[in-house]
Every structure is written in structure tokens, then in C-alpha cells.
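Student: Coordinates in coords-v4.csv, CSV, C-alpha atoms and all ligand atoms, are listed below.
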```csv
chain,number,residue,atom,x,y,z
F,14,MET,CA,109.3,119.1,115.4
F,15,HIS,CA,105.9,118.6,117.1
F,16,PHE,CA,103.0,118.9,114.7
F,17,MET,CA,101.4,121.7,116.7
F,18,GLN,CA,104.7,123.7,116.7
F,19,SER,CA,105.1,123.2,112.9
F,20,LEU,CA,101.5,124.3,112.3
F,21,GLN,CA,101.9,127.5,114.4
F,22,GLN,CA,105.2,128.2,112.6
F,23,ALA,CA,103.7,127.7,109.2
F,24,TRP,CA,100.7,129.9,110.1
F,25,ALA,CA,103.1,132.7,111.0
F,26,ASP,CA,105.9,132.2,108.4
F,27,HIS,CA,103.5,131.9,105.5
F,28,ASP,CA,100.8,134.2,106.9
F,29,SER,CA,98.4,131.5,105.8
F,30,LEU,CA,95.5,129.3,107.1
F,31,VAL,CA,95.3,127.5,103.7
F,32,CYS,CA,95.7,123.7,103.7
F,33,VAL,CA,96.0,122.3,100.2
F,34,GLY,CA,94.3,118.9,99.8
F,35,LEU,CA,96.2,116.5,97.5
F,36,ASP,CA,93.5,114.4,95.8
F,37,PRO,CA,94.9,113.2,92.5
F,38,GLU,CA,92.4,112.3,89.8
F,39,PRO,CA,94.2,111.3,86.6
F,40,ALA,CA,91.2,112.0,84.4
F,41,LYS,CA,91.6,115.7,85.4
F,42,PHE,CA,95.3,115.9,84.8
F,43,PRO,CA,96.7,118.1,82.0
F,44,ALA,CA,97.1,116.4,78.7
F,45,HIS,CA,101.0,116.5,78.8
F,46,LEU,CA,101.0,114.3,81.9
F,47,LYS,CA,98.5,111.7,80.8
F,48,GLY,CA,100.3,108.4,80.0
F,49,HIS,CA,103.3,109.3,82.2
F,50,ALA,CA,104.0,106.2,84.3
F,51,ASP,CA,104.7,108.5,87.4
F,52,ALA,CA,102.0,111.1,86.6
F,53,VAL,CA,100.4,111.0,90.1
F,54,PHE,CA,103.7,111.9,91.8
F,55,GLU,CA,104.7,114.4,89.1
F,56,PHE,CA,101.3,116.2,89.3
F,57,CYS,CA,101.2,116.4,93.1
F,58,ARG,CA,104.9,117.4,93.3
F,59,ASP,CA,104.5,120.2,90.9
F,60,ILE,CA,101.4,121.5,92.8
F,61,VAL,CA,103.4,121.3,96.1
F,62,ASP,CA,106.5,123.1,94.6
F,63,ALA,CA,104.3,125.9,93.3
F,64,THR,CA,102.3,126.5,96.5
F,65,ALA,CA,104.6,125.7,99.4
F,66,ASP,CA,105.2,129.3,100.5
F,67,LEU,CA,101.4,129.9,100.6
F,68,VAL,CA,100.2,127.1,102.8
F,69,CYS,CA,100.1,126.1,106.5
F,70,ALA,CA,99.8,122.3,105.7
F,71,TYR,CA,99.2,119.7,103.0
F,72,LYS,CA,96.5,117.1,103.2
F,73,PRO,CA,96.9,114.1,100.9
F,74,GLN,CA,93.8,111.9,101.0
F,75,ILE,CA,94.9,108.3,101.1
F,76,ALA,CA,92.1,106.7,99.0
F,77,HIS,CA,93.0,108.9,96.1
F,78,PHE,CA,96.4,107.2,96.0
F,79,ALA,CA,95.4,103.7,97.1
F,80,ALA,CA,92.7,103.3,94.5
F,81,LEU,CA,95.3,104.0,91.9
F,82,ARG,CA,97.8,101.6,93.4
F,83,ALA,CA,99.9,104.7,94.0
F,84,GLU,CA,100.9,104.3,97.7
F,85,ASP,CA,104.5,104.4,96.6
F,86,ALA,CA,103.9,107.8,95.0
F,87,LEU,CA,102.3,109.0,98.3
F,88,GLU,CA,105.4,107.9,100.3
F,89,ARG,CA,107.7,109.7,97.8
F,90,LEU,CA,105.5,112.8,97.8
F,91,ILE,CA,105.5,113.1,101.6
F,92,ALA,CA,109.3,112.6,101.6
F,93,HIS,CA,109.6,115.3,98.9
F,94,ILE,CA,107.6,117.8,101.0
F,95,HIS,CA,109.7,117.1,104.1
F,96,GLU,CA,113.0,117.4,102.1
F,97,LYS,CA,112.2,120.4,99.9
F,98,HIS,CA,109.7,122.3,102.1
F,99,PRO,CA,110.7,121.5,105.7
F,100,GLY,CA,108.4,123.0,108.3
F,101,VAL,CA,105.2,122.5,106.2
F,102,PRO,CA,103.3,119.8,108.1
F,103,VAL,CA,101.6,116.9,106.2
F,104,ILE,CA,98.2,115.6,107.4
F,105,LEU,CA,97.4,112.1,106.1
F,106,ASP,CA,93.7,112.1,105.6
F,107,SER,CA,92.9,108.4,106.2
F,108,LYS,CA,90.0,108.6,108.7
F,109,ARG,CA,91.1,105.5,110.5
F,110,GLY,CA,89.4,103.9,113.5
F,111,ASP,CA,89.5,100.3,114.7
F,112,ILE,CA,90.2,98.2,117.9
F,113,GLY,CA,93.4,99.1,119.7
F,114,SER,CA,95.5,96.1,118.4
F,115,THR,CA,94.7,97.0,114.8
F,116,ALA,CA,94.9,100.8,115.5
F,117,GLN,CA,98.5,100.3,116.4
F,118,HIS,CA,99.2,99.2,112.8
F,119,TYR,CA,97.2,102.2,111.4
F,120,ALA,CA,99.4,104.5,113.6
F,121,ALA,CA,102.5,102.8,112.3
F,122,GLU,CA,101.2,103.2,108.7
F,123,ALA,CA,100.6,106.9,109.1
F,124,PHE,CA,103.6,107.9,111.1
F,125,ASP,CA,106.3,105.3,110.4
F,126,ARG,CA,105.5,104.2,106.8
F,127,TYR,CA,104.2,107.5,105.4
F,128,LYS,CA,105.9,109.8,107.9
F,129,ALA,CA,102.9,112.1,108.2
F,130,ASP,CA,102.9,114.8,110.9
F,131,ALA,CA,99.2,114.3,111.6
F,132,VAL,CA,96.4,112.0,110.7
F,133,THR,CA,92.6,112.1,110.5
F,134,LEU,CA,90.7,109.6,112.6
F,135,ASN,CA,87.1,108.6,113.1
F,136,PRO,CA,86.3,108.7,116.8
F,137,TYR,CA,83.2,106.5,116.6
F,138,MET,CA,84.9,103.4,118.1
F,139,GLY,CA,86.0,105.4,121.2
F,140,ARG,CA,89.1,106.2,123.2
F,141,ASP,CA,91.0,102.9,122.9
F,142,SER,CA,90.8,103.1,119.1
F,143,ALA,CA,92.5,106.5,119.2
F,144,GLN,CA,95.0,105.7,122.0
F,145,PRO,CA,97.9,104.4,119.8
F,146,PHE,CA,97.7,107.7,117.9
F,147,LEU,CA,97.2,109.9,121.0
F,148,ASP,CA,100.4,108.3,122.5
F,149,ARG,CA,102.5,109.8,119.7
F,150,ALA,CA,102.8,113.1,121.4
F,151,ASP,CA,104.7,114.8,118.6
F,152,LYS,CA,102.0,113.9,116.0
F,153,GLY,CA,98.7,115.5,115.4
F,154,VAL,CA,95.5,113.5,115.9
F,155,ILE,CA,92.6,115.2,114.0
F,156,LEU,CA,89.2,113.7,114.8
F,157,LEU,CA,86.0,113.9,112.8
F,158,CYS,CA,83.5,116.1,114.7
F,159,ARG,CA,81.1,117.8,112.3
F,160,THR,CA,81.8,116.7,108.8
F,161,SER,CA,81.2,118.8,105.7
F,162,ASN,CA,79.0,116.3,103.7
F,163,PRO,CA,75.2,116.6,103.4
F,164,GLY,CA,74.6,113.5,105.4
F,165,GLY,CA,77.0,114.6,108.2
F,166,ALA,CA,74.0,115.3,110.5
F,167,ASP,CA,72.5,111.8,110.2
F,168,PHE,CA,74.3,110.8,113.4
F,169,GLN,CA,76.4,113.8,114.4
F,170,ALA,CA,73.3,115.9,115.1
F,171,LEU,CA,71.5,113.2,117.2
F,172,ASP,CA,70.5,114.3,120.7
F,173,CYS,CA,73.0,113.1,123.2
F,174,GLY,CA,71.9,114.1,126.7
F,175,GLY,CA,70.8,117.6,125.6
F,176,LEU,CA,73.6,118.3,123.2
F,177,PRO,CA,74.1,117.0,119.7
F,178,LEU,CA,76.6,114.1,119.4
F,179,TYR,CA,79.2,116.3,117.6
F,180,LEU,CA,79.4,118.6,120.5
F,181,ARG,CA,79.8,115.7,122.9
F,182,VAL,CA,82.6,114.5,120.7
F,183,ALA,CA,84.2,118.0,120.9
F,184,GLU,CA,83.7,118.1,124.7
F,185,THR,CA,85.1,114.7,125.4
F,186,ILE,CA,88.2,115.1,123.2
F,187,ALA,CA,89.0,118.5,124.6
F,188,ARG,CA,88.5,117.3,128.2
F,189,ASP,CA,89.8,113.7,128.2
F,190,TRP,CA,91.8,112.9,125.1
F,191,ASN,CA,94.1,115.9,124.8
F,192,ALA,CA,96.6,115.2,127.6
F,193,HIS,CA,99.5,115.7,125.1
F,194,GLY,CA,98.0,118.8,123.5
F,195,ASN,CA,98.1,117.0,120.1
F,196,CYS,CA,94.4,116.8,119.2
F,197,ALA,CA,92.5,118.8,116.6
F,198,LEU,CA,89.0,118.4,115.1
F,199,VAL,CA,87.4,118.3,111.6
F,200,THR,CA,84.6,120.7,111.3
F,201,GLY,CA,83.2,121.4,107.8
F,202,ALA,CA,83.1,124.9,106.3
F,203,THR,CA,79.6,124.0,105.1
F,204,TRP,CA,78.2,124.3,108.7
F,205,PRO,CA,79.8,127.6,110.0
F,206,GLU,CA,77.4,128.0,112.9
F,207,GLU,CA,78.1,124.5,114.2
F,208,LEU,CA,81.8,125.2,113.7
F,209,GLY,CA,81.3,128.2,116.1
F,210,LYS,CA,79.7,126.0,118.7
F,211,VAL,CA,82.6,123.6,118.5
F,212,ARG,CA,85.0,126.6,118.9
F,213,ALA,CA,83.2,127.7,122.0
F,214,ILE,CA,83.8,124.3,123.6
F,215,VAL,CA,87.4,123.6,122.6
F,216,GLY,CA,89.1,127.0,123.1
F,217,ASP,CA,92.1,127.4,120.8
F,218,MET,CA,92.3,123.8,119.6
F,219,PRO,CA,93.1,123.8,115.9
F,220,LEU,CA,90.2,122.9,113.5
F,221,LEU,CA,90.7,121.3,110.1
F,222,VAL,CA,88.0,122.9,107.9
F,223,PRO,CA,87.3,121.1,104.6
F,224,GLY,CA,84.4,122.3,102.4
F,225,ILE,CA,85.8,125.5,100.9
F,226,GLY,CA,85.9,125.6,97.1
F,227,ALA,CA,84.2,122.7,95.4
F,228,GLN,CA,81.7,122.1,98.3
F,229,GLY,CA,80.7,125.8,98.5
F,230,GLY,CA,81.6,126.7,102.0
F,231,ASP,CA,81.7,130.4,102.9
F,232,VAL,CA,85.1,131.8,103.9
F,233,GLU,CA,83.9,134.9,105.7
F,234,ALA,CA,81.4,132.8,107.8
F,235,VAL,CA,84.1,130.2,108.7
F,236,LEU,CA,86.5,133.0,109.9
F,237,ALA,CA,83.7,134.8,111.8
F,238,HIS,CA,82.8,131.6,113.7
F,239,GLY,CA,86.1,129.7,113.8
F,240,ARG,CA,89.1,132.0,114.2
F,241,THR,CA,90.9,132.3,117.5
F,242,ALA,CA,91.6,135.6,119.3
F,243,ASN,CA,95.0,135.8,117.5
F,244,GLY,CA,93.4,135.2,114.1
F,245,THR,CA,94.6,131.6,113.6
F,246,GLY,CA,93.3,128.2,114.9
F,247,LEU,CA,92.1,127.0,111.4
F,248,MET,CA,93.5,124.8,108.7
F,249,ILE,CA,91.1,125.7,105.8
F,250,SER,CA,91.4,122.9,103.3
F,251,SER,CA,90.6,123.1,99.6
F,252,SER,CA,91.5,120.3,97.1
F,253,ARG,CA,89.7,120.3,93.7
F,254,ALA,CA,89.3,124.1,93.4
F,255,ILE,CA,93.1,124.5,93.7
F,256,LEU,CA,94.4,121.3,92.1
F,257,TYR,CA,92.3,121.6,89.0
F,258,ALA,CA,92.2,125.4,88.7
F,259,GLY,CA,93.9,124.9,85.3
F,260,ASN,CA,94.5,122.0,83.0
F,261,GLY,CA,97.2,123.2,80.7
F,262,GLU,CA,100.9,123.0,80.9
F,263,ASP,CA,100.7,125.9,83.4
F,264,PHE,CA,98.5,123.9,85.8
F,265,ALA,CA,100.8,124.4,88.7
F,266,GLN,CA,100.9,128.2,88.2
F,267,ALA,CA,97.0,128.2,88.0
F,268,ALA,CA,97.0,126.2,91.3
F,269,ARG,CA,99.3,128.8,92.8
F,270,ALA,CA,97.0,131.6,91.8
F,271,ALA,CA,94.0,129.8,93.3
F,272,ALA,CA,95.9,129.2,96.5
F,273,GLN,CA,97.1,132.8,96.7
F,274,ASP,CA,93.5,134.0,96.1
F,275,LEU,CA,92.2,131.8,98.9
F,276,ARG,CA,94.9,132.9,101.3
F,277,ASP,CA,94.2,136.6,100.5
F,278,THR,CA,90.5,136.1,100.9
F,279,ILE,CA,90.9,134.4,104.2
F,280,ASN,CA,93.3,137.0,105.4
F,281,ARG,CA,90.8,139.8,104.7
F,282,PHE,CA,88.6,138.3,107.4
F,283,ARG,CA,91.2,137.3,110.1
H,301,LIG,O1,84.2,116.4,106.6
H,301,LIG,C1,85.1,116.2,105.7
H,301,LIG,C2,86.2,115.5,106.0
H,301,LIG,C3,87.1,115.3,105.0
H,301,LIG,N1,86.9,115.8,103.7
H,301,LIG,C4,88.0,115.6,102.7
H,301,LIG,O2,88.5,116.9,102.3
H,301,LIG,C5,88.7,117.0,100.9
H,301,LIG,C6,87.7,118.0,100.3
H,301,LIG,O3,88.0,118.1,98.9
H,301,LIG,P1,87.4,119.4,98.1
H,301,LIG,O4,87.8,119.1,96.7
H,301,LIG,O5,88.1,120.6,98.6
H,301,LIG,O6,85.9,119.4,98.3
H,301,LIG,C7,88.5,115.5,100.4
H,301,LIG,O7,89.7,114.9,100.4
H,301,LIG,C8,87.6,114.9,101.4
H,301,LIG,O8,87.8,113.5,101.5
H,301,LIG,C9,85.8,116.5,103.5
H,301,LIG,O9,85.5,116.9,102.3
H,301,LIG,N2,84.9,116.7,104.5
```
Turn the structure described in the file into C-alpha cells.
Ligand SMILES: O=c1ccn([C@@H]2O[C@H](COP(=O)(O)O)[C@@H](O)[C@H]2O)c(=O)[nH]1
Tutor:
Amino acid sequence: MHFMQSLQQAWADHDSLVCVGLDPEPAKFPAHLKGHADAVFEFCRDIVDATADLVCAYKPQIAHFAALRAEDALERLIAHIHEKHPGVPVILDSKRGDIGSTAQHYAAEAFDRYKADAVTLNPYMGRDSAQPFLDRADKGVILLCRTSNPGGADFQALDCGGLPLYLRVAETIARDWNAHGNCALVTGATWPEELGKVRAIVGDMPLLVPGIGAQGGDVEAVLAHGRTANGTGLMISSSRAILYAGNGEDFAQAARAAAQDLRDTINRFR
């Protein structure tokens, strides 16, 4: 199914705008998993199985797996999500961006090797660097626009002909890059007013919103500035606050409670 269709279906079926980020950090794993050869897979699988009915998407962050030489665990984890929880889309957070001939290989990595439904990209290198991804009409292409980190404004806020660069990014992608309707943007929860300015430019385009939870973003402000007329349009991502809500044998149930709490809080403001 097309990423955008899966996303809309998951928003509706699970009554949820929550995207759980899968960022494994073995030092934070519960004691009973430490030392397991396949701990990265087991930890993430148990989180997924405990939360799948509460989410609109999962977002594994590739560096968290690659740094641990756990790319194989990432492949198996995405296959597990597709097999056991069909209809929940997987966003590979890899923030790629390179010349077109190399970008083709990054697109193959995301969609053919890992079988992700969507990928995050850095648009800094321009249209040709995104084209191999944009051409995959059934896949989501989620481009950095106004990132959640403290230094995000260093370049993104620079004046670009009367508008900050991040709004030029939003404008250009909505107008010129979205011929297949498969684009979305990353806009951090930590800058809700800027998120609202992006929303005003891009209409109902989905926004991936990291920065809730460990980074301190405000759920009510995100909804006030970012929701669409039908109360959707957002994939509100939280990783650490859900993954590490507990560190005992019941860690997956603690993660479920945290995901449910986030879903309910979001739904109060939709
Ligand atoms: O602007 C951005 C873009 C991506 N991220 C990623 O999201 C998660 C956030 O993790 P938390 O534990 O919920 O803070 C992480 O994988 C980042 O690489 C982001 O934070 N901001």
C-alpha cells in the first residue's frame, strides 16, 4: 500500500498520531536482556509488540543500529513489523542526501534492503539528490524543514529573500517536489509557532514532529499549530520517553503505558 494511504489508515484505525521512535541504547536495556546476543532485536520487537495498536508509525533511527553493527537486527525488525502488524508504516530515519548517482543507492538501501515505507532526507543538496526517492511514488519522502535541535536555526532561520530558509524549503517542496503526493516534512515540536507557519504553507501535507518527551516539546502547542482541519496531519514522534519508561522485566508494558498516555494527551487537543 502507498505510504500515505497506510498512514491515513493507521491514524484512523488506531485513533493515534503517535509515532514511536526505535532508538536502541543497550546501556539502558533492562538487566535481563543485557548480554543477550540478539538484545537489540529482542528489545525493539517487544516494544513494537506492546504498542502496535497505539501508533500511526514506527521510526527506527539507523545510526542507533549501525553504530552497534546491528543492521541485521534492523532488517529483521522491519520485517517483523510488516509481518505481525501489517498496515503500520515504518519510517527509516536516515536523513540521507547526496548526488543523484549515490542517492539511487541510498533509495535502494531504504526501500529495497530495509523495506521501509518512508525515509527521512536532508534537502540541502537540492532536487536531484531527492529525485531517486521522489520517483518511488508509493514511498514516503520526509524532508528536514525546521528541526527540533537547539542549533536548528543556525541555517534554517537565515533570511532567504524575505522568508527564513525553512519556509522556502516548505514552499519549494510543496510546490515543486510533490508531484506524486508522497512528500512530508520534519518540523520539531520544540518550535510550535514555526511549525504553524509551515502548516500554513503546505496545506494538509503530513508533518513528522520529533521533540516530544525527552526534548521537552509541548503537545498542546503542537496540536494547536499543526493539526489539519480533520484533526490529523501529524506523526508526533517520541523515542526515549517511551522506550525507557521502565527498565525492569515489564519494560514493554511500561512503554505501552507511556505510548497510551501520549496518545490520550494528544487526542485531548485534536
Ligand atoms: O529534527 C529532528 C529530526 C530527527 N530527530 C530524531 O528523532 C528522535 C528523537 O528522539 P527523542 O528520544 O524522542 O528525543 C531521534 O531519533 C532523533 O534523531 C530529532 O530529534 N529531531
Student: Any idea what the distance is between atom CA of Met248 of chain F and atom CA of Ala121 of chain F?
Tutor: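 Between atom CA of Met248 of chain F and atom CA of Ala121 of chain F the gap works out to 24.0 Å.
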Student: Please build the interface table for chain F against ligand LIG 301 (chain H) with a cut-off of 7 Å, listing for each qualifying residue the nearest atom pair and the distance in Å to one decimal; count all atoms listed in the file, order rows by chain and increasing number, and write it as a Markdown table.
Tutor:
```
| residue | atom | partner | partner_atom | distance |
| --- | --- | --- | --- | --- |
| F:Gly34 | CA | H:LIG301 | C5 | 6.0 |
| F:Asp36 | CA | H:LIG301 | O7 | 6.0 |
| F:Gln74 | CA | H:LIG301 | O7 | 5.1 |
| F:Leu157 | CA | H:LIG301 | O1 | 6.9 |
| F:Arg159 | CA | H:LIG301 | O1 | 6.6 |
| F:Thr160 | CA | H:LIG301 | O1 | 3.3 |
| F:Ser161 | CA | H:LIG301 | O1 | 3.9 |
| F:Asn162 | CA | H:LIG301 | O1 | 6.0 |
| F:Val199 | CA | H:LIG301 | O1 | 6.2 |
| F:Thr200 | CA | H:LIG301 | O1 | 6.4 |
| F:Gly201 | CA | H:LIG301 | O1 | 5.2 |
| F:Pro223 | CA | H:LIG301 | O2 | 4.9 |
| F:Gly224 | CA | H:LIG301 | O6 | 5.2 |
| F:Ile225 | CA | H:LIG301 | O5 | 5.9 |
| F:Gly226 | CA | H:LIG301 | O5 | 5.7 |
| F:Ala227 | CA | H:LIG301 | O6 | 4.7 |
| F:Gln228 | CA | H:LIG301 | O6 | 5.0 |
| F:Ser250 | CA | H:LIG301 | O5 | 6.2 |
| F:Ser251 | CA | H:LIG301 | O5 | 3.7 |
| F:Ser252 | CA | H:LIG301 | O5 | 3.7 |
| F:Arg253 | CA | H:LIG301 | O4 | 3.7 |
| F:Ala254 | CA | H:LIG301 | O4 | 6.2 |
```
Student: Hey, what's within 12 Å of Gly100 of chain F if we count all atoms listed in the file and toss same-chain stuff fewer than 4 positions away? As a ChimeraX atom specification, please?
Tutor: /F:14-27,65-66,68-71,94-96,130
Student: Find, counting only C-alpha atoms, the residue in F:Asp141, F:Glu262, F:Asp167, F:Asp274 that gets nearest to Phe42 of chain F.
Tutor: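 When distances to Phe42 of chain F are compared using only C-alpha atoms, the smallest one comes from F:Glu262.
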Student: List the neighbours of Arg276 of chain F out to 7 Å using only C-alpha atoms; skip same-chain residues closer than 4 positions along the sequence, and give me the result as a PyMOL selection string.
Tutor: chain F and resi 29-31+272+280
Student: In Å, rounded to a single decimal, give me how far atom CA of Tyr257 of chain F is from atom CA of Lys47 of chain F.
Tutor: 14.3 Å
Student: List the spatial neighbours of Thr115 of chain F as a list in words - criterion: any atom at most 10 Å away, all atoms listed in the file, same-chain residues fewer than 4 positions off excluded.
Tutor: Gly110, Asp111, Tyr119, Ala120, Ser142 and Pro145 of chain F
Student: So which residues touch His238 of chain F within 7 Å, counting only C-alpha atoms, skipping near sequence neighbours fewer than 6 positions away, as a ChimeraX atom specification?
Tutor: /F:205-206,208-209
Student: Starting from the incomplete input, reconstruct N, CA and C atoms of segment 151-169 of chain F and write that as a compact mmCIF listing (two decimals), in the frame of the given file.
Tutor:
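Result file is result_26.txt:
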```
# COMPACT_ATOMS: atom_id res chain seq x y z
N ASP F 151 104.19 113.80 119.58
CA ASP F 151 104.70 114.80 118.60
C ASP F 151 103.84 114.82 117.35
N LYS F 152 102.84 113.95 117.25
CA LYS F 152 102.00 113.90 116.00
C LYS F 152 100.63 114.44 116.28
N GLY F 153 100.04 115.01 115.26
CA GLY F 153 98.70 115.50 115.40
C GLY F 153 97.65 114.46 115.17
N VAL F 154 96.59 114.51 115.96
CA VAL F 154 95.50 113.50 115.90
C VAL F 154 94.22 114.37 115.62
N ILE F 155 93.69 114.27 114.41
CA ILE F 155 92.60 115.20 114.00
C ILE F 155 91.35 114.36 113.82
N LEU F 156 90.41 114.56 114.73
CA LEU F 156 89.20 113.70 114.80
C LEU F 156 88.00 114.27 114.19
N LEU F 157 87.26 113.44 113.45
CA LEU F 157 86.00 113.90 112.80
C LEU F 157 85.05 114.37 113.89
N CYS F 158 84.47 115.54 113.69
CA CYS F 158 83.50 116.10 114.70
C CYS F 158 82.22 116.46 113.98
N ARG F 159 82.26 117.44 113.09
CA ARG F 159 81.10 117.80 112.30
C ARG F 159 81.50 117.93 110.88
N THR F 160 81.26 116.85 110.14
CA THR F 160 81.80 116.70 108.80
C THR F 160 81.08 117.58 107.78
N SER F 161 81.72 117.83 106.65
CA SER F 161 81.20 118.80 105.70
C SER F 161 80.08 118.26 104.81
N ASN F 162 79.94 116.94 104.75
CA ASN F 162 79.00 116.30 103.70
C ASN F 162 77.57 116.50 104.10
N PRO F 163 76.67 116.39 103.09
CA PRO F 163 75.20 116.60 103.40
C PRO F 163 74.68 115.65 104.41
N GLY F 164 75.16 114.43 104.47
CA GLY F 164 74.60 113.50 105.40
C GLY F 164 75.33 113.51 106.79
N GLY F 165 76.19 114.49 106.98
CA GLY F 165 77.00 114.60 108.20
C GLY F 165 76.08 114.60 109.47
N ALA F 166 74.88 115.19 109.32
CA ALA F 166 74.00 115.30 110.50
C ALA F 166 73.26 114.05 110.84
N ASP F 167 73.28 113.04 109.97
CA ASP F 167 72.50 111.80 110.20
C ASP F 167 72.72 111.30 111.62
N PHE F 168 73.98 111.20 112.00
CA PHE F 168 74.30 110.80 113.40
C PHE F 168 74.86 111.91 114.20
N GLN F 169 75.66 112.78 113.58
CA GLN F 169 76.40 113.80 114.40
C GLN F 169 75.42 114.78 115.05
```
